[in-house]
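Visitor: Structure incoming, see below.
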Amino acid sequence: MDGATIITKALKDQGVEYVFGVVGFPIIEVGMAAQAQGLKFVACRNEQSACYAAQAMGYLTRKPAVCLVVSGPGVLHTIGGLANATVNCWPVICIGGSSDKDQDGRGGFQEWPQVESARTSCKFVAQISSLQSIPYLVQKAIRSSLYGRPGAVYLDLPGNIVLSTCEESTIPVVDKIPLWSPVSVPPLPFINDALTLLKQAKRPLVIIGKGAAWSERGSLMSQQFLTRTQLPWLPTPGGKGIVSDTHPNNVNAARSFALRNADLVFLIGARLNWMLHFGLPPRFNKECKIIQVDLVAEEFHQNIKTDVGLLGDIGETLALMTRECGDWAWNKSNEWTKNLSENRDKNVRTVEDMANQSETPLNYFAAYQPISKWMEDKDVLVVNEGANTMDIGRTMLKSVLPRRRLDAGTFGTMGVGQGYALAAALYCRDYSPKTRVLVVQGDSAFGFSAMEIETIARYRLPVTTVILNNNGIYRGLKHEDQQSLEGDLTQLLPVLSLSTECRYDKMAESLGGKGWLVRTKDEITNALKEADNEKGRPTLINILIATDAERKPQKDHWLTRSNQ
């Protein structure tokens, strides 16, 4: 057996199903061996997109996929994706080719200290030094990517190892490991301490994070716990759909008010990082108590004190809490519930007023309205990317099932869109054939990964992309204003500007898809209906919206900067 066969067989034996990558010397043979072993290989146009696709597949299937890339620049292009996976807590295994070992330090082809380069972005890194070590390192890569907090792993594969051969009998046989790490729960006294704090709270709030989607029973038990206790709750962006957005006690529309006034916050798979304003004033009540359930003990007391830390699996921990709370439920007939409802209803009316506007060019909310209506009777996996496009999409596009929304996530990464879409389409094809894939991106975000439209077309996958095109990052210039500029555009063109009324729809057609240029709500609705009839190829709807369209006014800066 040669090295390429040994490593792909080891991956197959450990349950890996998908390989995404950009192949060339010295790992072409690894890609070919992967197909020979029955793995599904998807050739991408960019290493970062390949890594984004692999990690999204890891999140959706809850087992790692592989990103296979070439040496030197190929590995370096992938590191942004590896960092995104580790920060976002999604499993992925990157295998990077490297120069032959006997050329170390001699200026070999694309020679670079790849192991050292990948180390800061990964949970585990190793260089394969012999054929016999491959099964052990693959098994450890699987464990490291999944167990504890999921993340990225890097294996360095020198070119001489790829083509070296040995007798098959000399290759160690290692056990296939369980794809779920051992489950633990907090001691019962800790559970009771948490319930005591919840019962004493005057203004409690539960926050559901994406960690709850990773637990095998996280979604089910989150729903049961919230239904039993009747506590008000809201999701983080990654937590949308773990409990349906339509749940009656969801107060996400009153998010700022709820965070600012809650006297107790129960974090379920959510972290007090920038996305939750570090748990600090002015966005949080300075007297607020914190209950937190997490897989990782180091997450407790992050930025502020954790009053009760529940270390364990989220689903099993909530099962215990639901059992122990008995018949107790939050009394909804009080001032806190009334204030939350009033604030939620006021914000909902504001959003509805903006969404109901029909003047062209449309604002963001108005452009989203027909998309939201199109989704109402469908099971849709949404990929949402951009600045305002993504933030407003979190409000306008309802999530009712877990793992049906992928966006920039904790790392705030732009460029994930079409890579995520590629993985989503393959996942739906193989595991959820009645689920549609919808990508909604800003024009700037689309530009990072637009060539993957060709990949999606090549593999005959039905993905609908909608671009909210405002001619820029955050905002751009009107077409006539940009055309009127005379002189050196490097001095005159605003730094956030992009080309005006760019025909991304034509680009999609040139890459094997079908596109529409639209401006009105009716045109959006009709284009979505026509896209429904397209089978086996990508579609793209290019919506020209107002260049000065904005989000709903915010009381505080999105990234709270406290004076304390």
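Letters A, B, ... go to the chains of the structure tokens in the order shown; residues in each chain start at 1; ligands are counted from 1 in the same order.
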Just the residues within 7 Å of stretch 510-524 of chain A, please, counting only C-alpha atoms, with nothing from its chain fewer than 3 positions along; format it as a ChimeraX atom specification.
Guide: /A:360-361,367,370,453-454,457,505-507,527-528,537-545
Visitor: Would you write out those residues with N, CA, C and O atoms, as a PDB file, in the first residue's frame?
Guide:
ATOM      1  N   THR A 360     -39.154  51.849  -4.377  1.00  0.00           N
ATOM      2  CA  THR A 360     -37.882  51.390  -4.923  1.00  0.00           C
ATOM      3  C   THR A 360     -36.919  52.575  -5.044  1.00  0.00           C
ATOM      4  O   THR A 360     -37.356  53.697  -5.334  1.00  0.00           O
ATOM      5  N   PRO A 361     -35.633  52.313  -4.828  1.00  0.00           N
ATOM      6  CA  PRO A 361     -35.069  51.021  -4.428  1.00  0.00           C
ATOM      7  C   PRO A 361     -35.479  50.629  -3.015  1.00  0.00           C
ATOM      8  O   PRO A 361     -35.647  51.477  -2.145  1.00  0.00           O
ATOM      9  N   ALA A 367     -36.878  44.228   1.191  1.00  0.00           N
ATOM     10  CA  ALA A 367     -36.343  43.201   0.289  1.00  0.00           C
ATOM     11  C   ALA A 367     -36.445  41.820   0.912  1.00  0.00           C
ATOM     12  O   ALA A 367     -36.657  40.814   0.217  1.00  0.00           O
ATOM     13  N   PRO A 370     -40.488  39.400   0.931  1.00  0.00           N
ATOM     14  CA  PRO A 370     -40.919  38.298   0.056  1.00  0.00           C
ATOM     15  C   PRO A 370     -40.076  37.032   0.228  1.00  0.00           C
ATOM     16  O   PRO A 370     -40.568  35.921  -0.003  1.00  0.00           O
ATOM     17  N   ILE A 453     -19.647  29.295  -7.098  1.00  0.00           N
ATOM     18  CA  ILE A 453     -20.852  29.047  -7.892  1.00  0.00           C
ATOM     19  C   ILE A 453     -20.545  28.018  -8.979  1.00  0.00           C
ATOM     20  O   ILE A 453     -21.356  27.129  -9.275  1.00  0.00           O
ATOM     21  N   GLU A 454     -19.362  28.108  -9.561  1.00  0.00           N
ATOM     22  CA  GLU A 454     -18.970  27.137 -10.593  1.00  0.00           C
ATOM     23  C   GLU A 454     -18.858  25.738  -9.993  1.00  0.00           C
ATOM     24  O   GLU A 454     -19.258  24.744 -10.622  1.00  0.00           O
ATOM     25  N   ALA A 457     -22.309  24.418  -9.527  1.00  0.00           N
ATOM     26  CA  ALA A 457     -22.860  24.030 -10.831  1.00  0.00           C
ATOM     27  C   ALA A 457     -22.227  22.727 -11.327  1.00  0.00           C
ATOM     28  O   ALA A 457     -22.922  21.858 -11.877  1.00  0.00           O
ATOM     29  N   ASP A 505     -25.924  38.460 -11.512  1.00  0.00           N
ATOM     30  CA  ASP A 505     -26.797  37.474 -12.137  1.00  0.00           C
ATOM     31  C   ASP A 505     -26.196  36.946 -13.427  1.00  0.00           C
ATOM     32  O   ASP A 505     -26.284  35.749 -13.734  1.00  0.00           O
ATOM     33  N   LYS A 506     -25.570  37.825 -14.214  1.00  0.00           N
ATOM     34  CA  LYS A 506     -24.908  37.396 -15.448  1.00  0.00           C
ATOM     35  C   LYS A 506     -23.691  36.528 -15.140  1.00  0.00           C
ATOM     36  O   LYS A 506     -23.381  35.574 -15.867  1.00  0.00           O
ATOM     37  N   MET A 507     -22.997  36.870 -14.054  1.00  0.00           N
ATOM     38  CA  MET A 507     -21.845  36.066 -13.648  1.00  0.00           C
ATOM     39  C   MET A 507     -22.284  34.637 -13.333  1.00  0.00           C
ATOM     40  O   MET A 507     -21.634  33.666 -13.745  1.00  0.00           O
ATOM     41  N   ALA A 527     -39.076  35.660  -9.104  1.00  0.00           N
ATOM     42  CA  ALA A 527     -37.769  35.028  -9.313  1.00  0.00           C
ATOM     43  C   ALA A 527     -37.599  33.820  -8.396  1.00  0.00           C
ATOM     44  O   ALA A 527     -37.061  32.780  -8.809  1.00  0.00           O
ATOM     45  N   LEU A 528     -38.051  33.917  -7.144  1.00  0.00           N
ATOM     46  CA  LEU A 528     -37.965  32.781  -6.225  1.00  0.00           C
ATOM     47  C   LEU A 528     -38.806  31.614  -6.731  1.00  0.00           C
ATOM     48  O   LEU A 528     -38.387  30.451  -6.639  1.00  0.00           O
ATOM     49  N   ARG A 537     -28.923  22.844 -10.612  1.00  0.00           N
ATOM     50  CA  ARG A 537     -27.959  23.907 -10.886  1.00  0.00           C
ATOM     51  C   ARG A 537     -28.243  25.106  -9.981  1.00  0.00           C
ATOM     52  O   ARG A 537     -29.362  25.271  -9.494  1.00  0.00           O
ATOM     53  N   PRO A 538     -27.231  25.941  -9.757  1.00  0.00           N
ATOM     54  CA  PRO A 538     -27.423  27.105  -8.886  1.00  0.00           C
ATOM     55  C   PRO A 538     -28.223  28.197  -9.583  1.00  0.00           C
ATOM     56  O   PRO A 538     -28.209  28.323 -10.812  1.00  0.00           O
ATOM     57  N   THR A 539     -28.929  28.972  -8.771  1.00  0.00           N
ATOM     58  CA  THR A 539     -29.651  30.140  -9.255  1.00  0.00           C
ATOM     59  C   THR A 539     -29.241  31.340  -8.420  1.00  0.00           C
ATOM     60  O   THR A 539     -28.851  31.201  -7.260  1.00  0.00           O
ATOM     61  N   LEU A 540     -29.334  32.533  -9.002  1.00  0.00           N
ATOM     62  CA  LEU A 540     -28.907  33.745  -8.310  1.00  0.00           C
ATOM     63  C   LEU A 540     -29.865  34.893  -8.614  1.00  0.00           C
ATOM     64  O   LEU A 540     -30.139  35.176  -9.787  1.00  0.00           O
ATOM     65  N   ILE A 541     -30.364  35.527  -7.560  1.00  0.00           N
ATOM     66  CA  ILE A 541     -31.281  36.660  -7.679  1.00  0.00           C
ATOM     67  C   ILE A 541     -30.557  37.894  -7.174  1.00  0.00           C
ATOM     68  O   ILE A 541     -30.198  37.987  -6.001  1.00  0.00           O
ATOM     69  N   ASN A 542     -30.326  38.829  -8.058  1.00  0.00           N
ATOM     70  CA  ASN A 542     -29.549  40.039  -7.781  1.00  0.00           C
ATOM     71  C   ASN A 542     -30.528  41.190  -7.528  1.00  0.00           C
ATOM     72  O   ASN A 542     -31.133  41.714  -8.464  1.00  0.00           O
ATOM     73  N   ILE A 543     -30.714  41.570  -6.251  1.00  0.00           N
ATOM     74  CA  ILE A 543     -31.682  42.610  -5.888  1.00  0.00           C
ATOM     75  C   ILE A 543     -30.963  43.938  -5.709  1.00  0.00           C
ATOM     76  O   ILE A 543     -30.099  44.079  -4.833  1.00  0.00           O
ATOM     77  N   LEU A 544     -31.318  44.911  -6.527  1.00  0.00           N
ATOM     78  CA  LEU A 544     -30.738  46.253  -6.384  1.00  0.00           C
ATOM     79  C   LEU A 544     -31.542  46.996  -5.322  1.00  0.00           C
ATOM     80  O   LEU A 544     -32.710  47.342  -5.532  1.00  0.00           O
ATOM     81  N   ILE A 545     -30.914  47.221  -4.151  1.00  0.00           N
ATOM     82  CA  ILE A 545     -31.600  47.895  -3.053  1.00  0.00           C
ATOM     83  C   ILE A 545     -31.019  49.292  -2.870  1.00  0.00           C
ATOM     84  O   ILE A 545     -30.035  49.677  -3.519  1.00  0.00           O
TER      85      ILE A 545
END
Visitor: Within 12 Å of stretch 166-186 of chain A, which residues of stretch 291-320 of chain A show up? Give each one with its shortest atom-to-atom distance in Å (one decimal) and the two atoms involved, counting only C-alpha atoms, rows by chain then rising residue number, as JSON lines.
Guide:
{"residue": "A:Gln292", "atom": "CA", "partner": "A:Pro186", "partner_atom": "CA", "distance": 11.3}
{"residue": "A:Val293", "atom": "CA", "partner": "A:Pro186", "partner_atom": "CA", "distance": 9.0}
{"residue": "A:Asp294", "atom": "CA", "partner": "A:Val185", "partner_atom": "CA", "distance": 10.1}
{"residue": "A:Leu295", "atom": "CA", "partner": "A:Ser184", "partner_atom": "CA", "distance": 8.8}
{"residue": "A:Val296", "atom": "CA", "partner": "A:Ser184", "partner_atom": "CA", "distance": 11.4}
{"residue": "A:Ala297", "atom": "CA", "partner": "A:Pro186", "partner_atom": "CA", "distance": 11.3}
{"residue": "A:Val308", "atom": "CA", "partner": "A:Pro186", "partner_atom": "CA", "distance": 10.6}
{"residue": "A:Gly309", "atom": "CA", "partner": "A:Pro186", "partner_atom": "CA", "distance": 8.7}
{"residue": "A:Leu310", "atom": "CA", "partner": "A:Pro186", "partner_atom": "CA", "distance": 5.5}
{"residue": "A:Leu311", "atom": "CA", "partner": "A:Pro186", "partner_atom": "CA", "distance": 5.5}
{"residue": "A:Gly312", "atom": "CA", "partner": "A:Val185", "partner_atom": "CA", "distance": 4.4}
{"residue": "A:Asp313", "atom": "CA", "partner": "A:Ser184", "partner_atom": "CA", "distance": 5.8}
{"residue": "A:Ile314", "atom": "CA", "partner": "A:Val185", "partner_atom": "CA", "distance": 8.2}
{"residue": "A:Gly315", "atom": "CA", "partner": "A:Val185", "partner_atom": "CA", "distance": 9.3}
{"residue": "A:Glu316", "atom": "CA", "partner": "A:Val185", "partner_atom": "CA", "distance": 6.5}
{"residue": "A:Thr317", "atom": "CA", "partner": "A:Val185", "partner_atom": "CA", "distance": 5.5}
{"residue": "A:Leu318", "atom": "CA", "partner": "A:Val185", "partner_atom": "CA", "distance": 9.3}
{"residue": "A:Ala319", "atom": "CA", "partner": "A:Val185", "partner_atom": "CA", "distance": 9.8}
{"residue": "A:Leu320", "atom": "CA", "partner": "A:Val185", "partner_atom": "CA", "distance": 8.5}
Visitor: From a backbone DSSP assignment, name each residue in stretch 295-506 of chain A labelled strand (DSSP E), as a ChimeraX atom specification.
Guide: /A:308-311,380-385,405-407,436-442,464-469
Visitor: Store the residues picked out above, limited to C-alpha atoms, as a PDB file, in the first residue's frame.
Guide:
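Below you can see again-v7.pdb, which holds the result:
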ATOM      1  CA  VAL A 308     -23.372  28.538  39.225  1.00  0.00           C
ATOM      2  CA  GLY A 309     -21.258  26.704  36.661  1.00  0.00           C
ATOM      3  CA  LEU A 310     -22.795  23.499  35.298  1.00  0.00           C
ATOM      4  CA  LEU A 311     -20.051  21.464  33.638  1.00  0.00           C
ATOM      5  CA  VAL A 380     -34.949  25.783   4.289  1.00  0.00           C
ATOM      6  CA  LEU A 381     -31.298  25.711   5.342  1.00  0.00           C
ATOM      7  CA  VAL A 382     -30.226  29.352   5.291  1.00  0.00           C
ATOM      8  CA  VAL A 383     -26.698  30.629   4.719  1.00  0.00           C
ATOM      9  CA  ASN A 384     -26.623  34.314   5.634  1.00  0.00           C
ATOM     10  CA  GLU A 385     -23.610  36.551   5.162  1.00  0.00           C
ATOM     11  CA  ARG A 405     -28.823  28.529   9.788  1.00  0.00           C
ATOM     12  CA  LEU A 406     -25.140  29.160   8.977  1.00  0.00           C
ATOM     13  CA  ASP A 407     -23.605  32.623   9.141  1.00  0.00           C
ATOM     14  CA  ARG A 436     -33.844  23.667   0.302  1.00  0.00           C
ATOM     15  CA  VAL A 437     -30.616  25.695   0.480  1.00  0.00           C
ATOM     16  CA  LEU A 438     -30.960  29.474   0.387  1.00  0.00           C
ATOM     17  CA  VAL A 439     -27.992  31.839   0.523  1.00  0.00           C
ATOM     18  CA  VAL A 440     -28.638  35.510   1.296  1.00  0.00           C
ATOM     19  CA  GLN A 441     -25.510  37.668   0.967  1.00  0.00           C
ATOM     20  CA  GLY A 442     -24.498  41.244   0.624  1.00  0.00           C
ATOM     21  CA  THR A 464     -30.474  29.646  -4.606  1.00  0.00           C
ATOM     22  CA  THR A 465     -28.372  32.716  -3.837  1.00  0.00           C
ATOM     23  CA  VAL A 466     -29.975  36.094  -3.186  1.00  0.00           C
ATOM     24  CA  ILE A 467     -27.702  39.148  -3.244  1.00  0.00           C
ATOM     25  CA  LEU A 468     -28.821  42.347  -1.526  1.00  0.00           C
ATOM     26  CA  ASN A 469     -26.849  44.694  -3.728  1.00  0.00           C
TER      27      ASN A 469
END
Visitor: Determine the nearest neighbour of A:Leu234 from the options A:Thr395, A:Gln14, A:Thr78, A:Thr120, counting only C-alpha atoms.
Guide: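 Distance minimum relative to A:Leu234 lands on A:Thr395.
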Visitor: Atom CA of A:Ser333 to atom CA of A:Gln230: how many Å, to one decimal?
Guide: 11.2 Å
